[in-house]
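Peer 1: The structure follows.
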There are 2 protein chains.
Amino acid sequence: MGSVERIKRVADRLIRKVNEGEQVVVVVSAMGKTTDHLMSLAKEITDRPSKRELDMLLSTGEQQTIALLAMEMERRGQAAISLTGWQAGITTENVYGNARIEAIHTEPILDYLNTGHVVIVAGFQGITQDHEITTLGRGGSDTSAVALAAALKATLCEIYTDVDGVYTTDPRVVKTARKLKEISYDEMLEMAYLGAGVLHPRAVENAKKFHVPLTVRSSFSDEPGTIIKGEAQLEKGLAVRGLAFERDVVKVTLLGLPNDLTTLSSVFQVLADSKVNVDIIIQNALDDQETSISFTLSEEALNDALDVLNNHKAALKFRELNVEGNLAKVSIVGSGMVSNPGVAATMFKTLNEEGIKVKMVSTSEIKVSTIISIEQLTGALQALHSAFHLEEVKPLSTVE
Amino acid sequence: MGSVERIKRVADRLIRKVNEGEQVVVVVSAMGKTTDHLMSLAKEITDRPSKRELDMLLSTGEQQTIALLAMEMERRGQAAISLTGWQAGITTENVYGNARIEAIHTEPILDYLNTGHVVIVAGFQGITQDHEITTLGRGGSDTSAVALAAALKATLCEIYTDVDGVYTTDPRVVKTARKLKEISYDEMLEMAYLGAGVLHPRAVENAKKFHVPLTVRSSFSDEPGTIIKGEAQLEKGLAVRGLAFERDVVKVTLLGLPNDLTTLSSVFQVLADSKVNVDIIIQNALDDQETSISFTLSEEALNDALDVLNNHKAALKFRELNVEGNLAKVSIVGSGMVSNPGVAATMFKTLNEEGIKVKMVSTSEIKVSTIISIEQLTGALQALHSAFHLEEVKPLSTVE
């Protein structure tokens, strides 16, 4: 019932948009616990379902929502039409579970828009050239929305989500977290990649690439949310804009690898070939003969990674493989960081004072990431939020 | 969980068939209460959902089952592939909710069969030439199975269902009901049309048309079930083979119609144009000017029928429309009936002795149907089952 209530609220908003004279395409995800329920059915059968069949299963969730939302629109007298990913012309590469959109054939959508329909598209899904159903992976509905906005040259892409905007960090963990009024695509990318959980990085990447103006706002209120746009228009000079973090981090270490030029590329090529995403990578050469490589990845990708590494053990020539779980990643993000060399030092000092051991470090121009024990995550976030004065409004003209 | 258990049991059976050297295509329906759940979500939104959107919604049920069954087959090391209706090449006419299959493009299925896959097809659904998802209506999965068996020239089409065969009548209502070993396509058609509920008439029609050998058997046991085949091979000379019945019958009466030649055809043409199925029809001319027409249909079709009749009230020129609900249909079925003129009389006498008023009568070569009050249904069935000695094995060599 909660789900149908939510559909009615979405319909309210859509009808308001139509009454304002807008042509509206809406991308929806599965309702409430539908995806979890489907996943649990699959898990009842096997821990390792085929990705093709999992996409076949999971894509039904969005298909249910589009049908129900179309019914609700029609009940209110608004012409509307639901389209599955394949009906909406969303073609993807030939990869299950995590496919990238290759093209969108917009004719069907444009035809319906031009005949006064609100077009309701199933997010998270597409179809390959061989007519196979694929899903886009995490945050797939956001990605569908941005890709459609780009293909249709939409004037605005609004992402409605459980939260009312992008915060300096997760307000459920750090009570003093504040909502940002604006954030750049790049900062948002770091925040999203690092687990801020508001918006999928692929969606932000596509928005940046195709100059799609994005807003992130709450589906439960009319608050304005956070605007995500090009960096030029943003206030600079801010060292740290937010803290991102990620749970479910696992560290894999390969010991006794040959210390030659091809080792690093070989390891990550076999992982990439199997579409295993790794995050932080550290290589540590012990001597001229041997080296070790550590990398982090999400817990969910671990089985695939172990499979592919063990299958290639002979070719890669590693002696031993270690796994360390129960880790978390904490990152500070801000485009002003590049001109503030002391920022990383402040981060390490703060963690050190809290007695938190940093197990891995990774840096980019606009972020510093650390891997720590998951038990220390909350303490780390609170200490860093305070150390970088993120709870204060003052120095940041771009923060409301 | 009950649902996943059932999927495992289906997988057992499929793997046994494969081990016997068979190429197997399996058509599945939605799990347990999935369709009811989806329907209740739609009803939360509106009592009159658009049929297109309802098909979009309901077709997800079968898509879930095919994916889960394919996972289970793969888990056991058996190559398998799930195909939605549209992936399996099942094209239908342009009608939502009750579409007829127009063609099956068998290439994808044959390709997978020839590479050693068990092919798992979503029943109950198809696609129009305009890429719209349609469903086949009640018993749609049976229809899909028979149509696929015909298109693939299968040696046998087994229908697994909740019951272990075709009975003289519903054993839940009449305790002495017995399972039939064989029944002819025509008798089965009458039994099915009249609500025996085992197999959809369209499935039987297609089986008859394309000479597909059918068996109906239980998905819970290895009992042989009931064979449905051409009449020639069956024992004749049996007056009544079974009792069929139907609940949820509604009678509609149009009063004050002009008594001219076109009235009857006009009324049923507008109903047919809107795909409203009517069952028993009675016309009663009161005088040269006026006539009345009564017909029965299922409760579920009533709204559509009332809509279309009221929309055409001026053209059809009826004065008044009456609806009588809470009715049931009881029929005696048997191919030997045509040579036994006393059968109908025995039926009416039996009902009369039970104090049951017959409101409408309809006859064919192999059945006599009566419309009675639904409260009297059980009594009528018990009395008729006994009056026609259906509980006795003796005189029927084709009954086990």
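Letters for chains follow the order of the structure tokens (A, B, ...), residue numbers begin at 1 for each chain, and ligand numbers begin at 1 in the order shown.
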As a ChimeraX atom specification, please: the residues near Glu102 (chain A) (cut-off 12 Å, only C-alpha atoms, same-chain neighbours under 5 positions excluded).
Peer 2: /A:89-95,126-129,136,143-144,147-148,151,206
Peer 1: Quick one: DSSP alpha helix (DSSP H) residues in region 142-325 of chain B, as number ranges by chain?
Peer 2: B: 142-151, 185-193, 201-209, 263-273, 302-311, 313-316
Peer 1: Counting only C-alpha atoms, which residues in chain A sit no more than 7 Å from chain B? For each one, give the nearest pair of atoms and the distance in Å, sorted by chain then residue number, as JSON lines.
Peer 2:
{"residue": "A:Ala42", "atom": "CA", "partner": "B:Leu68", "partner_atom": "CA", "distance": 6.3}
{"residue": "A:Ile45", "atom": "CA", "partner": "B:Glu72", "partner_atom": "CA", "distance": 6.0}
{"residue": "A:Thr46", "atom": "CA", "partner": "B:Arg75", "partner_atom": "CA", "distance": 6.7}
{"residue": "A:Pro49", "atom": "CA", "partner": "B:Met71", "partner_atom": "CA", "distance": 5.7}
{"residue": "A:Ser50", "atom": "CA", "partner": "B:Met71", "partner_atom": "CA", "distance": 6.4}
{"residue": "A:Glu53", "atom": "CA", "partner": "B:Ala67", "partner_atom": "CA", "distance": 4.9}
{"residue": "A:Leu54", "atom": "CA", "partner": "B:Ala67", "partner_atom": "CA", "distance": 6.8}
{"residue": "A:Met56", "atom": "CA", "partner": "B:Ala67", "partner_atom": "CA", "distance": 5.8}
{"residue": "A:Leu57", "atom": "CA", "partner": "B:Gln64", "partner_atom": "CA", "distance": 4.9}
{"residue": "A:Thr60", "atom": "CA", "partner": "B:Thr60", "partner_atom": "CA", "distance": 5.2}
{"residue": "A:Gln63", "atom": "CA", "partner": "B:Leu57", "partner_atom": "CA", "distance": 6.6}
{"residue": "A:Gln64", "atom": "CA", "partner": "B:Leu57", "partner_atom": "CA", "distance": 4.9}
{"residue": "A:Ala67", "atom": "CA", "partner": "B:Glu53", "partner_atom": "CA", "distance": 4.9}
{"residue": "A:Leu68", "atom": "CA", "partner": "B:Ala42", "partner_atom": "CA", "distance": 6.3}
{"residue": "A:Ala70", "atom": "CA", "partner": "B:Glu53", "partner_atom": "CA", "distance": 6.8}
{"residue": "A:Met71", "atom": "CA", "partner": "B:Pro49", "partner_atom": "CA", "distance": 5.7}
{"residue": "A:Glu72", "atom": "CA", "partner": "B:Ile45", "partner_atom": "CA", "distance": 6.0}
{"residue": "A:Arg75", "atom": "CA", "partner": "B:Thr46", "partner_atom": "CA", "distance": 6.7}
Peer 1: CA of Cys157 (chain A) and CA of Val216 (chain A) are how many Å apart?
Peer 2: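 So the two atoms, CA of Cys157 (chain A) and CA of Val216 (chain A), lie 8.9 Å apart.
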Peer 1: So that I can check the surroundings of Asp142 (chain A), please list as a PDB file with all heavy atoms, in the first residue's frame every protein, DNA and RNA residue that reaches within 8 Å of it, counting only C-alpha atoms and ignoring chain neighbours fewer than 5 positions away.
Peer 2:
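Contents of the output file selection19.pdb:
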ATOM      1  N   GLY A 123      12.927   2.413 -15.837  1.00  0.00           N
ATOM      2  CA  GLY A 123      14.347   2.679 -15.679  1.00  0.00           C
ATOM      3  C   GLY A 123      15.124   1.396 -15.483  1.00  0.00           C
ATOM      4  O   GLY A 123      14.546   0.303 -15.398  1.00  0.00           O
ATOM      5  N   PHE A 124      16.463   1.508 -15.453  1.00  0.00           N
ATOM      6  CA  PHE A 124      17.295   0.396 -14.981  1.00  0.00           C
ATOM      7  C   PHE A 124      17.428  -0.709 -16.018  1.00  0.00           C
ATOM      8  O   PHE A 124      18.152  -1.667 -15.801  1.00  0.00           O
ATOM      9  CB  PHE A 124      16.696  -0.136 -13.672  1.00  0.00           C
ATOM     10  CG  PHE A 124      17.374  -1.293 -13.018  1.00  0.00           C
ATOM     11  CD1 PHE A 124      18.635  -1.155 -12.461  1.00  0.00           C
ATOM     12  CD2 PHE A 124      16.737  -2.531 -12.928  1.00  0.00           C
ATOM     13  CE1 PHE A 124      19.239  -2.233 -11.835  1.00  0.00           C
ATOM     14  CE2 PHE A 124      17.337  -3.601 -12.299  1.00  0.00           C
ATOM     15  CZ  PHE A 124      18.597  -3.456 -11.746  1.00  0.00           C
ATOM     16  N   ILE A 159      15.938  14.442 -10.533  1.00  0.00           N
ATOM     17  CA  ILE A 159      16.031  13.116  -9.928  1.00  0.00           C
ATOM     18  C   ILE A 159      15.332  13.172  -8.573  1.00  0.00           C
ATOM     19  O   ILE A 159      15.773  13.896  -7.677  1.00  0.00           O
ATOM     20  CB  ILE A 159      17.504  12.698  -9.728  1.00  0.00           C
ATOM     21  CG1 ILE A 159      18.304  12.834 -11.016  1.00  0.00           C
ATOM     22  CG2 ILE A 159      17.590  11.295  -9.132  1.00  0.00           C
ATOM     23  CD1 ILE A 159      18.152  11.725 -12.009  1.00  0.00           C
ATOM     24  N   LEU A 199      23.076   9.549  -5.930  1.00  0.00           N
ATOM     25  CA  LEU A 199      22.956   9.538  -7.371  1.00  0.00           C
ATOM     26  C   LEU A 199      24.063   8.657  -7.917  1.00  0.00           C
ATOM     27  O   LEU A 199      25.202   8.717  -7.463  1.00  0.00           O
ATOM     28  CB  LEU A 199      23.148  10.979  -7.852  1.00  0.00           C
ATOM     29  CG  LEU A 199      22.675  11.376  -9.231  1.00  0.00           C
ATOM     30  CD1 LEU A 199      21.232  10.971  -9.443  1.00  0.00           C
ATOM     31  CD2 LEU A 199      22.820  12.884  -9.382  1.00  0.00           C
ATOM     32  N   HIS A 200      23.748   7.864  -8.914  1.00  0.00           N
ATOM     33  CA  HIS A 200      24.764   6.977  -9.456  1.00  0.00           C
ATOM     34  C   HIS A 200      25.775   7.766 -10.287  1.00  0.00           C
ATOM     35  O   HIS A 200      25.397   8.635 -11.055  1.00  0.00           O
ATOM     36  CB  HIS A 200      24.114   5.909 -10.317  1.00  0.00           C
ATOM     37  CG  HIS A 200      25.038   4.782 -10.630  1.00  0.00           C
ATOM     38  ND1 HIS A 200      25.899   4.805 -11.693  1.00  0.00           N
ATOM     39  CD2 HIS A 200      25.284   3.624  -9.985  1.00  0.00           C
ATOM     40  CE1 HIS A 200      26.605   3.689 -11.710  1.00  0.00           C
ATOM     41  NE2 HIS A 200      26.248   2.952 -10.674  1.00  0.00           N
ATOM     42  N   ALA A 203      25.172   8.293 -13.926  1.00  0.00           N
ATOM     43  CA  ALA A 203      24.183   9.310 -14.240  1.00  0.00           C
ATOM     44  C   ALA A 203      24.845  10.683 -14.273  1.00  0.00           C
ATOM     45  O   ALA A 203      24.599  11.488 -15.163  1.00  0.00           O
ATOM     46  CB  ALA A 203      23.058   9.266 -13.211  1.00  0.00           C
TER      47      ALA A 203
END
Peer 1: Nearest to Ser292 (chain A) among A:Ala99, A:Leu214, A:Leu261, A:Leu254, with distances taken over only C-alpha atoms: which residue is it?
Peer 2: A:Leu254
Peer 1: With DSSP run on the backbone, what are the strand (DSSP E or B) residues within region 236-365 of chain B? I'd like them as a ChimeraX atom specification.
Peer 2: /B:242-258,281-285,290-298,320-333,360-364
Peer 1: Let me see the file: selected residues, N, CA and C atoms, as a tab-separated table (two decimals), in the first residue's frame.
Peer 2:
chain	number	residue	atom	x	y	z
B	242	GLY	N	-19.93	-36.20	-17.79
B	242	GLY	CA	-19.56	-35.37	-16.65
B	242	GLY	C	-20.49	-34.19	-16.47
B	243	LEU	N	-20.30	-33.52	-15.32
B	243	LEU	CA	-21.06	-32.30	-15.02
B	243	LEU	C	-20.09	-31.14	-14.99
B	244	ALA	N	-20.41	-30.11	-15.74
B	244	ALA	CA	-19.61	-28.90	-15.66
B	244	ALA	C	-20.44	-27.82	-15.01
B	245	PHE	N	-19.75	-26.85	-14.42
B	245	PHE	CA	-20.52	-25.74	-13.83
B	245	PHE	C	-19.67	-24.50	-13.80
B	246	GLU	N	-20.32	-23.41	-13.59
B	246	GLU	CA	-19.68	-22.11	-13.64
B	246	GLU	C	-20.35	-21.22	-12.61
B	247	ARG	N	-19.51	-20.55	-11.82
B	247	ARG	CA	-20.06	-19.56	-10.90
B	247	ARG	C	-19.97	-18.18	-11.55
B	248	ASP	N	-20.33	-17.13	-10.82
B	248	ASP	CA	-20.14	-15.75	-11.30
B	248	ASP	C	-20.86	-15.51	-12.62
B	249	VAL	N	-22.04	-16.08	-12.75
B	249	VAL	CA	-22.82	-15.86	-13.97
B	249	VAL	C	-23.79	-14.71	-13.74
B	250	VAL	N	-23.90	-13.83	-14.71
B	250	VAL	CA	-24.82	-12.69	-14.63
B	250	VAL	C	-25.73	-12.75	-15.85
B	251	LYS	N	-26.98	-12.41	-15.63
B	251	LYS	CA	-27.93	-12.38	-16.73
B	251	LYS	C	-28.32	-10.93	-17.01
B	252	VAL	N	-28.21	-10.55	-18.26
B	252	VAL	CA	-28.60	-9.19	-18.66
B	252	VAL	C	-29.82	-9.31	-19.56
B	253	THR	N	-30.82	-8.49	-19.29
B	253	THR	CA	-32.02	-8.48	-20.14
B	253	THR	C	-32.24	-7.09	-20.71
B	254	LEU	N	-32.44	-7.02	-22.02
B	254	LEU	CA	-32.79	-5.77	-22.69
B	254	LEU	C	-34.28	-5.84	-23.02
B	255	LEU	N	-35.05	-4.87	-22.52
B	255	LEU	CA	-36.50	-4.86	-22.71
B	255	LEU	C	-36.87	-3.77	-23.70
B	256	GLY	N	-37.98	-3.99	-24.40
B	256	GLY	CA	-38.54	-2.96	-25.29
B	256	GLY	C	-37.72	-2.73	-26.53
B	257	LEU	N	-37.12	-3.78	-27.06
B	257	LEU	CA	-36.38	-3.66	-28.32
B	257	LEU	C	-37.36	-3.74	-29.49
B	258	PRO	N	-37.06	-3.06	-30.60
B	258	PRO	CA	-37.91	-3.20	-31.78
B	258	PRO	C	-37.86	-4.64	-32.30
B	281	ILE	N	-28.07	-17.20	-24.89
B	281	ILE	CA	-28.89	-16.10	-25.41
B	281	ILE	C	-30.32	-16.60	-25.56
B	282	ILE	N	-31.28	-15.81	-25.07
B	282	ILE	CA	-32.70	-16.13	-25.25
B	282	ILE	C	-33.41	-14.88	-25.77
B	283	GLN	N	-34.19	-15.06	-26.84
B	283	GLN	CA	-34.99	-13.95	-27.33
B	283	GLN	C	-36.45	-14.30	-27.11
B	284	ASN	N	-37.22	-13.31	-26.67
B	284	ASN	CA	-38.61	-13.55	-26.36
B	284	ASN	C	-39.46	-12.41	-26.94
B	285	ALA	N	-40.10	-12.67	-28.10
B	285	ALA	CA	-40.91	-11.64	-28.73
B	285	ALA	C	-42.26	-11.55	-28.03
B	290	GLU	N	-42.57	-5.35	-30.18
B	290	GLU	CA	-41.51	-5.38	-29.18
B	290	GLU	C	-40.95	-6.77	-28.95
B	291	THR	N	-39.65	-6.79	-28.59
B	291	THR	CA	-39.05	-8.05	-28.21
B	291	THR	C	-38.10	-7.79	-27.04
B	292	SER	N	-37.74	-8.84	-26.32
B	292	SER	CA	-36.71	-8.69	-25.30
B	292	SER	C	-35.64	-9.76	-25.54
B	293	ILE	N	-34.42	-9.41	-25.14
B	293	ILE	CA	-33.31	-10.35	-25.30
B	293	ILE	C	-32.63	-10.51	-23.95
B	294	SER	N	-32.41	-11.75	-23.57
B	294	SER	CA	-31.62	-12.02	-22.35
B	294	SER	C	-30.36	-12.76	-22.75
B	295	PHE	N	-29.29	-12.47	-22.06
B	295	PHE	CA	-28.08	-13.26	-22.28
B	295	PHE	C	-27.29	-13.33	-20.99
B	296	THR	N	-26.45	-14.35	-20.89
B	296	THR	CA	-25.59	-14.48	-19.71
B	296	THR	C	-24.16	-14.17	-20.10
B	297	LEU	N	-23.41	-13.74	-19.13
B	297	LEU	CA	-21.97	-13.53	-19.31
B	297	LEU	C	-21.32	-13.62	-17.93
B	298	SER	N	-20.01	-13.61	-17.91
B	298	SER	CA	-19.33	-13.70	-16.62
B	298	SER	C	-19.41	-12.35	-15.92
B	320	GLU	N	-35.13	-0.54	-21.66
B	320	GLU	CA	-34.73	-0.79	-20.28
B	320	GLU	C	-33.70	-1.91	-20.26
B	321	LEU	N	-32.83	-1.84	-19.28
B	321	LEU	CA	-31.80	-2.87	-19.15
B	321	LEU	C	-31.83	-3.41	-17.72
B	322	ASN	N	-32.01	-4.72	-17.56
B	322	ASN	CA	-32.01	-5.34	-16.23
B	322	ASN	C	-30.82	-6.26	-16.06
B	323	VAL	N	-30.28	-6.31	-14.85
B	323	VAL	CA	-29.17	-7.22	-14.55
B	323	VAL	C	-29.59	-8.12	-13.40
B	324	GLU	N	-29.40	-9.43	-13.56
B	324	GLU	CA	-29.64	-10.36	-12.45
B	324	GLU	C	-28.34	-11.11	-12.18
B	325	GLY	N	-27.83	-10.98	-10.96
B	325	GLY	CA	-26.57	-11.62	-10.60
B	325	GLY	C	-26.78	-12.86	-9.74
B	326	ASN	N	-25.67	-13.34	-9.10
B	326	ASN	CA	-25.73	-14.49	-8.21
B	326	ASN	C	-26.32	-15.73	-8.87
B	327	LEU	N	-25.92	-15.94	-10.12
B	327	LEU	CA	-26.40	-17.11	-10.84
B	327	LEU	C	-25.26	-18.09	-11.07
B	328	ALA	N	-25.63	-19.30	-11.42
B	328	ALA	CA	-24.63	-20.32	-11.76
B	328	ALA	C	-25.15	-21.11	-12.96
B	329	LYS	N	-24.21	-21.71	-13.67
B	329	LYS	CA	-24.61	-22.56	-14.79
B	329	LYS	C	-24.22	-24.00	-14.47
B	330	VAL	N	-25.13	-24.91	-14.66
B	330	VAL	CA	-24.85	-26.34	-14.48
B	330	VAL	C	-25.13	-27.05	-15.79
B	331	SER	N	-24.21	-27.87	-16.24
B	331	SER	CA	-24.38	-28.55	-17.53
B	331	SER	C	-24.06	-30.02	-17.40
B	332	ILE	N	-24.79	-30.81	-18.17
B	332	ILE	CA	-24.42	-32.21	-18.33
B	332	ILE	C	-23.76	-32.33	-19.70
B	333	VAL	N	-22.67	-33.11	-19.77
B	333	VAL	CA	-21.86	-33.19	-20.99
B	333	VAL	C	-21.63	-34.66	-21.34
B	360	MET	N	-32.81	-20.45	-17.23
B	360	MET	CA	-32.53	-20.43	-18.66
B	360	MET	C	-32.05	-21.82	-19.04
B	361	VAL	N	-32.23	-22.19	-20.29
B	361	VAL	CA	-31.77	-23.50	-20.79
B	361	VAL	C	-31.05	-23.28	-22.12
B	362	SER	N	-30.03	-24.06	-22.34
B	362	SER	CA	-29.35	-24.02	-23.63
B	362	SER	C	-28.86	-25.43	-23.93
B	363	THR	N	-28.95	-25.84	-25.16
B	363	THR	CA	-28.54	-27.21	-25.48
B	363	THR	C	-27.62	-27.23	-26.69
B	364	SER	N	-26.77	-28.26	-26.75
B	364	SER	CA	-25.99	-28.52	-27.96
B	364	SER	C	-26.03	-30.02	-28.16
Peer 1: Would you list the contacts of region 175-179 of chain A as a list in words, taking every protein, DNA or RNA residue within 7 Å and counting only C-alpha atoms, but skipping same-chain residues closer than 4 positions in sequence?
Peer 2: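 Result of the neighbour search: Gly165, Val166, Tyr167, Thr168, Thr169, Asp170, Pro171 and Glu391 of chain A.
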Peer 1: Kindly save the residues from that selection, with C-alpha atoms included, as a compact mmCIF listing (two decimals), in the first residue's frame.
Peer 2:
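Here's the written file result05.txt:
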# COMPACT_ATOMS: atom_id res chain seq x y z
CA GLY A 165 19.49 16.80 -1.77
CA VAL A 166 23.22 16.29 -1.50
CA TYR A 167 24.60 16.69 2.01
CA THR A 168 28.09 17.37 3.33
CA THR A 169 27.87 13.75 4.46
CA ASP A 170 25.15 11.27 5.37
CA PRO A 171 22.92 13.04 7.96
CA GLU A 391 28.63 22.03 9.87
Peer 1: Could you please determine the separation between CA of Leu390 (chain B) and CA of Leu180 (chain B) in Å, to one decimal place?
Peer 2: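 Separation between CA of Leu390 (chain B) and CA of Leu180 (chain B): 10.5 Å.
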Peer 1: For a quick check of understanding, using only C-alpha atoms, which of B:Val308, B:Met31, B:Ile104, B:Val24 has the smallest distance to Arg6 (chain B)?
Peer 2: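 Between B:Val308, B:Met31, B:Ile104, B:Val24, the residue approaching Arg6 (chain B) most closely is B:Met31.
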Peer 1: What is the CA of Gly334 (chain A)-CA of Asp186 (chain A) distance in Å, reported with one decimal?
Peer 2: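 Value for the CA of Gly334 (chain A)-CA of Asp186 (chain A) distance: 9.0 Å.
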Peer 1: Compare A:Leu264, A:Met347, A:Gly139, A:Asp164 by their minimum atom-to-atom distance to Val204 (chain A), counting only C-alpha atoms, and give me the closest one.
Peer 2: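 Result for the nearest residue to Val204 (chain A): A:Gly139.
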Peer 1: I'd like the contact shell of region 18-20 of chain A - 10 Å cut-off, only C-alpha atoms, skipping same-chain residues fewer than 2 positions apart - returned as a ChimeraX atom specification.
Peer 2: /A:13-16,22-24,78,116-118
